[in-house]
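Novice: Sharing a structure, written as structure tokens. Questions coming.
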Amino acid sequence: MDGNGRWAKKRFLPRIAGHKQGVETVREVVKACSELGVGYLTLFAFSSENWRRPQEEVSFLMGLFLGALEREVEKLDRNGIRLRIIGRRDRFAGEIVQMIERAEARTAHNTGLTLTVAADYGGRWDIMHATQSLLKARPELVHAGFDEADLEPFLAMAYAPEPDLFIRTGGEARVSNFLLWQLAYTELYFTDAFWPDFNRTALEAAIASYQQRERRYGRTSEQLIAGGA
Ligand code: IPE
Ligand code: MG
């Protein structure tokens with residue numbers, strides 16, 4: 001979700017007004033995904049590097065996050081949405097960690113859309129953390145070695161399939177330390193729309209673009225047509 005600040009600047013508003021408007025887009029996109037039957041939606045809300053922003057902006061974003069956790073969870077639950085938060089927890093205030101745990105527990109039984117919010121998340125952190133956790137759980141692997149399948153259960157999104165479609169708003173064409181491991185075969189989609197201007201129609205356009213793609217996973221087009229698995 002990128003472009004909140006520029007959306008605000010264009011309107012001669014403070015950056016935080018863009019973040020506030022961005023929450024409205026989150027509501028619309030979550031609703032649309034839920035209605036469209038999307039299984040998993042993962043939003044990159046706050047990266048490991050976003051702590052470097054001015055302290056005022058960081059505080060505002062934390063307040064928004066806490067407010068959303070307080071206000072929206074009941075509605076998510078009513079709509080059968082399961083909420084998960086991925087990323088480091090040790091740098092958040094205690095009350096945020098508490099709200100995260102409560103929100104996850106409350107929606108854990110839901111079977112509709114799984115909504116994941118990546119907060120204090122970084123793709124490199126995820127891989128490092130998974131490696132450390134794996135070796136802690138199975139120290140014998142330090143010498144025996146291990147493979148991808150050994151590591152995957154320890155990654156932050158082990159509960160979800162790998163993403164089919166990645167959408168970045170705001171005109172930059174980079175991944176910025178999002179789900180590095182999980183994006184290996186994901187279709188990438190970049191749009192100039194600022195996040196607060198993104199909406200259901202824009203989401204449908206991204207999905208339509210995805211539907212035009214041929215996913216070959218290293219094979220040739222001819223192999224796919226012949227149905228060779
Ligand atoms: C994305 O919008 C929101 C967060 C990272 C929290 P930005 O704040 O990055 O907006 P721009 O890139 O400055 O326009
Ligand atoms: Mg940005």
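By convention here, the chains of the structure tokens are called A, B, ... in the order presented, each chain's residues are numbered starting at 1, and ligands are numbered starting at 1 in the order presented.
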Give the residue list for ligand 2 at 10 Å, counting only C-alpha atoms and all ligand atoms, as a ChimeraX atom specification, sorted by chain and then by residue number.

Specialist: /A:1-6,50,169-172,176,194-195

Novice: Do a neighbour search on A:Thr107 at 12 Å with only C-alpha atoms, toss out local chain neighbours closer than 5 positions, and write the hits as a JSON list (two decimals) with N, CA, C and O atoms, in the first residue's frame.

Specialist:
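See out13.json below for the written result:
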```json
[["chain", "number", "residue", "atom", "x", "y", "z"],
["A", 69, "LEU", "N", -7.53, -1.97, 15.03],
["A", 69, "LEU", "CA", -7.66, -3.24, 15.75],
["A", 69, "LEU", "C", -8.84, -3.18, 16.71],
["A", 69, "LEU", "O", -9.60, -4.15, 16.86],
["A", 72, "GLU", "N", -12.40, -2.45, 14.21],
["A", 72, "GLU", "CA", -12.81, -3.23, 13.04],
["A", 72, "GLU", "C", -12.97, -4.72, 13.31],
["A", 72, "GLU", "O", -13.57, -5.42, 12.50],
["A", 73, "VAL", "N", -12.38, -5.19, 14.41],
["A", 73, "VAL", "CA", -12.30, -6.64, 14.59],
["A", 73, "VAL", "C", -13.68, -7.29, 14.67],
["A", 73, "VAL", "O", -13.91, -8.36, 14.10],
["A", 74, "GLU", "N", -14.61, -6.61, 15.33],
["A", 74, "GLU", "CA", -15.94, -7.19, 15.46],
["A", 74, "GLU", "C", -16.58, -7.39, 14.09],
["A", 74, "GLU", "O", -17.18, -8.43, 13.80],
["A", 75, "LYS", "N", -16.40, -6.38, 13.23],
["A", 75, "LYS", "CA", -16.98, -6.46, 11.88],
["A", 75, "LYS", "C", -16.29, -7.56, 11.06],
["A", 75, "LYS", "O", -16.96, -8.31, 10.35],
["A", 76, "LEU", "N", -14.98, -7.66, 11.20],
["A", 76, "LEU", "CA", -14.26, -8.72, 10.50],
["A", 76, "LEU", "C", -14.82, -10.08, 10.92],
["A", 76, "LEU", "O", -15.11, -10.95, 10.10],
["A", 77, "ASP", "N", -15.00, -10.23, 12.22],
["A", 77, "ASP", "CA", -15.48, -11.49, 12.77],
["A", 77, "ASP", "C", -16.88, -11.80, 12.24],
["A", 77, "ASP", "O", -17.16, -12.93, 11.81],
["A", 78, "ARG", "N", -17.73, -10.80, 12.23],
["A", 78, "ARG", "CA", -19.11, -10.98, 11.72],
["A", 78, "ARG", "C", -19.10, -11.43, 10.27],
["A", 78, "ARG", "O", -19.98, -12.15, 9.82],
["A", 79, "ASN", "N", -18.11, -10.96, 9.52],
["A", 79, "ASN", "CA", -18.04, -11.31, 8.10],
["A", 79, "ASN", "C", -17.21, -12.57, 7.82],
["A", 79, "ASN", "O", -16.87, -12.85, 6.67],
["A", 80, "GLY", "N", -16.88, -13.30, 8.87],
["A", 80, "GLY", "CA", -16.20, -14.58, 8.68],
["A", 80, "GLY", "C", -14.74, -14.44, 8.27],
["A", 80, "GLY", "O", -14.15, -15.37, 7.71],
["A", 81, "ILE", "N", -14.15, -13.28, 8.55],
["A", 81, "ILE", "CA", -12.76, -13.03, 8.15],
["A", 81, "ILE", "C", -11.81, -13.40, 9.29],
["A", 81, "ILE", "O", -12.04, -13.05, 10.45],
["A", 82, "ARG", "N", -10.76, -14.11, 8.92],
["A", 82, "ARG", "CA", -9.74, -14.50, 9.90],
["A", 82, "ARG", "C", -8.59, -13.51, 9.79],
["A", 82, "ARG", "O", -8.06, -13.28, 8.70],
["A", 83, "LEU", "N", -8.21, -12.90, 10.88],
["A", 83, "LEU", "CA", -7.14, -11.89, 10.87],
["A", 83, "LEU", "C", -5.85, -12.46, 11.43],
["A", 83, "LEU", "O", -5.84, -13.11, 12.48],
["A", 84, "ARG", "N", -4.76, -12.23, 10.71],
["A", 84, "ARG", "CA", -3.44, -12.62, 11.19],
["A", 84, "ARG", "C", -2.51, -11.43, 11.04],
["A", 84, "ARG", "O", -2.62, -10.68, 10.08],
["A", 85, "ILE", "N", -1.60, -11.27, 11.97],
["A", 85, "ILE", "CA", -0.60, -10.20, 11.88],
["A", 85, "ILE", "C", 0.77, -10.87, 11.80],
["A", 85, "ILE", "O", 1.09, -11.72, 12.64],
["A", 100, "ILE", "N", -3.41, -7.26, 19.20],
["A", 100, "ILE", "CA", -3.12, -8.20, 18.11],
["A", 100, "ILE", "C", -3.52, -9.61, 18.54],
["A", 100, "ILE", "O", -4.23, -10.32, 17.83],
["A", 101, "GLU", "N", -3.08, -9.98, 19.74],
["A", 101, "GLU", "CA", -3.35, -11.34, 20.22],
["A", 101, "GLU", "C", -4.86, -11.58, 20.38],
["A", 101, "GLU", "O", -5.38, -12.62, 20.01],
["A", 102, "ARG", "N", -5.54, -10.55, 20.90],
["A", 102, "ARG", "CA", -6.99, -10.67, 21.10],
["A", 102, "ARG", "C", -7.71, -10.80, 19.75],
["A", 102, "ARG", "O", -8.61, -11.61, 19.60],
["A", 112, "GLY", "N", -13.73, -17.71, 6.15],
["A", 112, "GLY", "CA", -13.79, -16.90, 4.93],
["A", 112, "GLY", "C", -12.39, -16.39, 4.57],
["A", 112, "GLY", "O", -11.40, -17.09, 4.75],
["A", 113, "LEU", "N", -12.35, -15.17, 4.10],
["A", 113, "LEU", "CA", -11.07, -14.54, 3.74],
["A", 113, "LEU", "C", -10.09, -14.57, 4.91],
["A", 113, "LEU", "O", -10.47, -14.26, 6.04],
["A", 114, "THR", "N", -8.84, -14.94, 4.65],
["A", 114, "THR", "CA", -7.78, -14.74, 5.65],
["A", 114, "THR", "C", -7.09, -13.42, 5.32],
["A", 114, "THR", "O", -6.47, -13.28, 4.27],
["A", 115, "LEU", "N", -7.25, -12.46, 6.21],
["A", 115, "LEU", "CA", -6.65, -11.14, 6.04],
["A", 115, "LEU", "C", -5.39, -11.07, 6.89],
["A", 115, "LEU", "O", -5.45, -11.20, 8.11],
["A", 116, "THR", "N", -4.25, -10.92, 6.24],
["A", 116, "THR", "CA", -2.99, -10.82, 6.97],
["A", 116, "THR", "C", -2.48, -9.39, 6.87],
["A", 116, "THR", "O", -2.46, -8.82, 5.79]]
```

Novice: Within stretch 163-217 of chain A, find each residue whose DSSP state, derived from the backbone, is strand (DSSP E or B), and express the selection as a ChimeraX atom specification.

Specialist: /A:165-168,187-190

Novice: Those selected residues, please, written with N, CA, C and O atoms and delivered as a PDB file, in the first residue's frame.

Specialist:
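After the write, out_3.pdb holds the following:
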```
ATOM      1  N   LEU A 165      -0.882 -13.195  -6.798  1.00  0.00           N
ATOM      2  CA  LEU A 165      -0.789 -11.844  -7.355  1.00  0.00           C
ATOM      3  C   LEU A 165      -0.271 -10.873  -6.305  1.00  0.00           C
ATOM      4  O   LEU A 165      -0.719 -10.877  -5.157  1.00  0.00           O
ATOM      5  N   PHE A 166       0.687 -10.057  -6.724  1.00  0.00           N
ATOM      6  CA  PHE A 166       1.250  -8.993  -5.884  1.00  0.00           C
ATOM      7  C   PHE A 166       0.835  -7.664  -6.524  1.00  0.00           C
ATOM      8  O   PHE A 166       1.002  -7.497  -7.727  1.00  0.00           O
ATOM      9  N   ILE A 167       0.278  -6.783  -5.749  1.00  0.00           N
ATOM     10  CA  ILE A 167      -0.106  -5.469  -6.275  1.00  0.00           C
ATOM     11  C   ILE A 167       0.647  -4.406  -5.497  1.00  0.00           C
ATOM     12  O   ILE A 167       0.613  -4.406  -4.265  1.00  0.00           O
ATOM     13  N   ARG A 168       1.352  -3.519  -6.203  1.00  0.00           N
ATOM     14  CA  ARG A 168       1.935  -2.361  -5.534  1.00  0.00           C
ATOM     15  C   ARG A 168       1.353  -1.096  -6.141  1.00  0.00           C
ATOM     16  O   ARG A 168       1.417  -0.904  -7.349  1.00  0.00           O
ATOM     17  N   GLU A 187       2.847 -13.376  -9.645  1.00  0.00           N
ATOM     18  CA  GLU A 187       2.696 -12.396 -10.728  1.00  0.00           C
ATOM     19  C   GLU A 187       2.710 -10.992 -10.124  1.00  0.00           C
ATOM     20  O   GLU A 187       1.978 -10.705  -9.176  1.00  0.00           O
ATOM     21  N   LEU A 188       3.552 -10.132 -10.682  1.00  0.00           N
ATOM     22  CA  LEU A 188       3.702  -8.780 -10.125  1.00  0.00           C
ATOM     23  C   LEU A 188       2.872  -7.785 -10.925  1.00  0.00           C
ATOM     24  O   LEU A 188       2.826  -7.850 -12.156  1.00  0.00           O
ATOM     25  N   TYR A 189       2.229  -6.876 -10.230  1.00  0.00           N
ATOM     26  CA  TYR A 189       1.372  -5.866 -10.867  1.00  0.00           C
ATOM     27  C   TYR A 189       1.652  -4.517 -10.206  1.00  0.00           C
ATOM     28  O   TYR A 189       1.559  -4.392  -8.988  1.00  0.00           O
ATOM     29  N   PHE A 190       2.011  -3.550 -11.021  1.00  0.00           N
ATOM     30  CA  PHE A 190       2.322  -2.214 -10.490  1.00  0.00           C
ATOM     31  C   PHE A 190       1.343  -1.205 -11.083  1.00  0.00           C
ATOM     32  O   PHE A 190       1.074  -1.239 -12.286  1.00  0.00           O
TER      33      PHE A 190
END
```

Novice: Which residue, A:Leu13, A:Val58, A:Ala160, A:Val38, has the smallest gap to ligand 1 when you use only C-alpha atoms and all ligand atoms?

Specialist: A:Val58

Novice: Between atom CA of A:Pro14 and atom CA of A:Phe60, measure the distance and give it in Å to one decimal.

Specialist: 11.7 Å

Novice: From the list A:Leu151, A:Leu134, A:Leu43, A:Leu36, which residue is nearest ligand 1 when using only C-alpha atoms and all ligand atoms?

Specialist: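 Checking each of A:Leu151, A:Leu134, A:Leu43, A:Leu36 against ligand 1, counting only C-alpha atoms and all ligand atoms, the winner is A:Leu43.
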
Novice: Fewer than 5 positions away in the same chain doesn't count, so skip those; otherwise give me all residues within 12 Å of A:Arg216, counting only C-alpha atoms, as a VMD selection string.

Specialist: chain A and resid 185 to 187 221 to 225 227 to 229

Novice: Could you write out that same residue set with all heavy atoms as a CSV table (one decimal), in the first residue's frame?

Specialist:
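Produced file result-v8.csv, reproduced below:
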```
chain,number,residue,atom,x,y,z
A,185,TYR,N,7.4,-17.0,-7.4
A,185,TYR,CA,6.6,-17.2,-8.6
A,185,TYR,C,5.3,-16.4,-8.7
A,185,TYR,O,4.5,-16.7,-9.5
A,185,TYR,CB,6.3,-18.7,-8.8
A,185,TYR,CG,7.5,-19.5,-9.2
A,185,TYR,CD1,8.3,-20.2,-8.3
A,185,TYR,CD2,7.9,-19.5,-10.6
A,185,TYR,CE1,9.4,-20.9,-8.8
A,185,TYR,CE2,9.0,-20.1,-11.0
A,185,TYR,CZ,9.8,-20.8,-10.1
A,185,TYR,OH,10.9,-21.5,-10.5
A,186,THR,N,5.2,-15.4,-7.9
A,186,THR,CA,4.0,-14.5,-7.9
A,186,THR,C,4.0,-13.6,-9.1
A,186,THR,O,5.1,-13.1,-9.5
A,186,THR,CB,4.0,-13.7,-6.6
A,186,THR,OG1,4.0,-14.6,-5.5
A,186,THR,CG2,2.8,-12.8,-6.5
A,187,GLU,N,2.8,-13.4,-9.6
A,187,GLU,CA,2.7,-12.4,-10.7
A,187,GLU,C,2.7,-11.0,-10.1
A,187,GLU,O,2.0,-10.7,-9.2
A,187,GLU,CB,1.4,-12.6,-11.5
A,187,GLU,CG,1.3,-14.0,-12.2
A,187,GLU,CD,2.3,-14.1,-13.3
A,187,GLU,OE1,2.7,-13.1,-13.9
A,187,GLU,OE2,2.8,-15.3,-13.5
A,221,SER,N,5.7,-23.0,-22.7
A,221,SER,CA,4.3,-22.8,-23.0
A,221,SER,C,3.7,-24.0,-23.7
A,221,SER,O,2.6,-24.4,-23.3
A,221,SER,CB,4.2,-21.6,-24.0
A,221,SER,OG,2.9,-21.2,-24.1
A,222,GLU,N,4.5,-24.7,-24.5
A,222,GLU,CA,4.0,-25.9,-25.2
A,222,GLU,C,3.7,-27.0,-24.2
A,222,GLU,O,2.7,-27.7,-24.3
A,222,GLU,CB,5.0,-26.4,-26.2
A,222,GLU,CG,5.2,-25.5,-27.5
A,222,GLU,CD,5.9,-24.2,-27.2
A,222,GLU,OE1,6.6,-24.0,-26.2
A,222,GLU,OE2,5.7,-23.2,-28.0
A,223,GLN,N,4.6,-27.1,-23.2
A,223,GLN,CA,4.3,-28.2,-22.2
A,223,GLN,C,3.0,-27.9,-21.5
A,223,GLN,O,2.3,-28.8,-21.2
A,223,GLN,CB,5.5,-28.1,-21.1
A,223,GLN,CG,6.8,-28.7,-21.6
A,223,GLN,CD,7.8,-28.6,-20.5
A,223,GLN,OE1,8.1,-27.5,-20.1
A,223,GLN,NE2,8.4,-29.7,-20.0
A,224,LEU,N,2.7,-26.6,-21.2
A,224,LEU,CA,1.5,-26.3,-20.5
A,224,LEU,C,0.3,-26.6,-21.3
A,224,LEU,O,-0.7,-27.2,-20.8
A,224,LEU,CB,1.5,-24.8,-20.1
A,224,LEU,CG,2.5,-24.3,-19.2
A,224,LEU,CD1,2.4,-22.8,-18.9
A,224,LEU,CD2,2.5,-25.1,-17.8
A,225,ILE,N,0.4,-26.3,-22.6
A,225,ILE,CA,-0.8,-26.6,-23.5
A,225,ILE,C,-1.0,-28.1,-23.6
A,225,ILE,O,-2.1,-28.6,-23.6
A,225,ILE,CB,-0.5,-26.0,-24.9
A,225,ILE,CG1,-0.6,-24.4,-24.8
A,225,ILE,CG2,-1.5,-26.4,-26.0
A,225,ILE,CD1,0.1,-23.7,-25.9
A,227,GLY,N,-0.6,-30.1,-21.4
A,227,GLY,CA,-1.0,-30.6,-20.1
A,227,GLY,C,0.0,-31.4,-19.3
A,227,GLY,O,-0.3,-32.1,-18.4
A,228,GLY,N,1.2,-31.2,-19.7
A,228,GLY,CA,2.3,-31.9,-19.0
A,228,GLY,C,2.5,-31.3,-17.6
A,228,GLY,O,2.9,-30.2,-17.5
A,229,ALA,N,2.3,-32.1,-16.6
A,229,ALA,CA,2.4,-31.5,-15.2
A,229,ALA,C,3.8,-31.6,-14.7
A,229,ALA,O,4.6,-32.4,-15.2
A,229,ALA,CB,1.5,-32.2,-14.3
```

Novice: So that I can see what lies close to A:Glu148, please list as a PDB file with N, CA, C and O atoms, in the first residue's frame the residues with an atom at most 12 Å from it, counting only C-alpha atoms and leaving out residues fewer than 3 positions away in the same chain.

Specialist:
```pdb
ATOM      1  N   ILE A 127      13.012 -14.634   6.635  1.00  0.00           N
ATOM      2  CA  ILE A 127      13.868 -15.766   6.272  1.00  0.00           C
ATOM      3  C   ILE A 127      14.880 -16.056   7.388  1.00  0.00           C
ATOM      4  O   ILE A 127      15.104 -17.209   7.777  1.00  0.00           O
ATOM      5  N   ALA A 130      13.007 -17.523  10.394  1.00  0.00           N
ATOM      6  CA  ALA A 130      12.609 -18.917  10.133  1.00  0.00           C
ATOM      7  C   ALA A 130      13.816 -19.845  10.271  1.00  0.00           C
ATOM      8  O   ALA A 130      13.711 -20.939  10.851  1.00  0.00           O
ATOM      9  N   THR A 131      14.957 -19.413   9.772  1.00  0.00           N
ATOM     10  CA  THR A 131      16.167 -20.237   9.849  1.00  0.00           C
ATOM     11  C   THR A 131      16.563 -20.450  11.307  1.00  0.00           C
ATOM     12  O   THR A 131      16.862 -21.573  11.734  1.00  0.00           O
ATOM     13  N   LEU A 134      14.062 -22.817  12.937  1.00  0.00           N
ATOM     14  CA  LEU A 134      14.261 -24.201  12.480  1.00  0.00           C
ATOM     15  C   LEU A 134      15.443 -24.839  13.216  1.00  0.00           C
ATOM     16  O   LEU A 134      15.338 -25.965  13.725  1.00  0.00           O
ATOM     17  N   GLY A 145      22.356 -30.473   7.473  1.00  0.00           N
ATOM     18  CA  GLY A 145      21.841 -29.660   6.368  1.00  0.00           C
ATOM     19  C   GLY A 145      20.329 -29.766   6.284  1.00  0.00           C
ATOM     20  O   GLY A 145      19.727 -30.654   6.899  1.00  0.00           O
ATOM     21  N   LEU A 151      12.423 -25.613   5.890  1.00  0.00           N
ATOM     22  CA  LEU A 151      12.373 -24.220   6.341  1.00  0.00           C
ATOM     23  C   LEU A 151      10.954 -23.646   6.296  1.00  0.00           C
ATOM     24  O   LEU A 151      10.557 -22.861   7.174  1.00  0.00           O
ATOM     25  N   GLU A 152      10.194 -24.036   5.285  1.00  0.00           N
ATOM     26  CA  GLU A 152       8.913 -23.373   5.020  1.00  0.00           C
ATOM     27  C   GLU A 152       7.941 -23.328   6.204  1.00  0.00           C
ATOM     28  O   GLU A 152       7.299 -22.301   6.414  1.00  0.00           O
ATOM     29  N   PRO A 153       7.835 -24.390   7.004  1.00  0.00           N
ATOM     30  CA  PRO A 153       6.889 -24.318   8.134  1.00  0.00           C
ATOM     31  C   PRO A 153       7.224 -23.210   9.137  1.00  0.00           C
ATOM     32  O   PRO A 153       6.380 -22.852   9.956  1.00  0.00           O
ATOM     33  N   PHE A 154       8.433 -22.689   9.090  1.00  0.00           N
ATOM     34  CA  PHE A 154       8.856 -21.680  10.060  1.00  0.00           C
ATOM     35  C   PHE A 154       8.719 -20.259   9.519  1.00  0.00           C
ATOM     36  O   PHE A 154       8.962 -19.294  10.235  1.00  0.00           O
ATOM     37  N   LEU A 155       8.331 -20.118   8.263  1.00  0.00           N
ATOM     38  CA  LEU A 155       8.144 -18.780   7.691  1.00  0.00           C
ATOM     39  C   LEU A 155       6.849 -18.170   8.221  1.00  0.00           C
ATOM     40  O   LEU A 155       5.927 -18.882   8.623  1.00  0.00           O
ATOM     41  N   TRP A 181      10.691 -14.512   0.052  1.00  0.00           N
ATOM     42  CA  TRP A 181      10.698 -15.961  -0.221  1.00  0.00           C
ATOM     43  C   TRP A 181       9.424 -16.364  -0.966  1.00  0.00           C
ATOM     44  O   TRP A 181       9.464 -17.069  -1.981  1.00  0.00           O
ATOM     45  N   GLN A 182       8.303 -15.868  -0.455  1.00  0.00           N
ATOM     46  CA  GLN A 182       6.994 -16.323  -0.938  1.00  0.00           C
ATOM     47  C   GLN A 182       6.666 -15.794  -2.329  1.00  0.00           C
ATOM     48  O   GLN A 182       5.807 -16.340  -3.018  1.00  0.00           O
TER      49      GLN A 182
END
```

Novice: Determine the nearest neighbour of A:Glu162 from the options A:Leu41, A:Met62, A:Ala208, A:Val142, counting only C-alpha atoms.

Specialist: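 Comparing A:Leu41, A:Met62, A:Ala208, A:Val142 against A:Glu162, the winner is A:Leu41.
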
Novice: Based on DSSP run over this structure's backbone, return all residues of chain A in helix (DSSP H, G or I), as a PyMOL selection string.

Specialist: chain A and resi 4-10+15-36+50-52+55-78+94-107+123-137+141-144+148-154+195-197+200-211+221-225

Novice: May I ask for the distance between atom CA of A:Ala137 and atom CA of A:Phe44, given in Å to one decimal place?

Specialist: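 Atom-to-atom, atom CA of A:Ala137 to atom CA of A:Phe44, that is 28.4 Å.
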
Novice: A:Val117, A:Met99, A:Ile86, A:Leu141: which is nearest ligand 1, counting only C-alpha atoms and all ligand atoms?

Specialist: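 Checking each candidate against ligand 1, we get A:Val117 as the closest.
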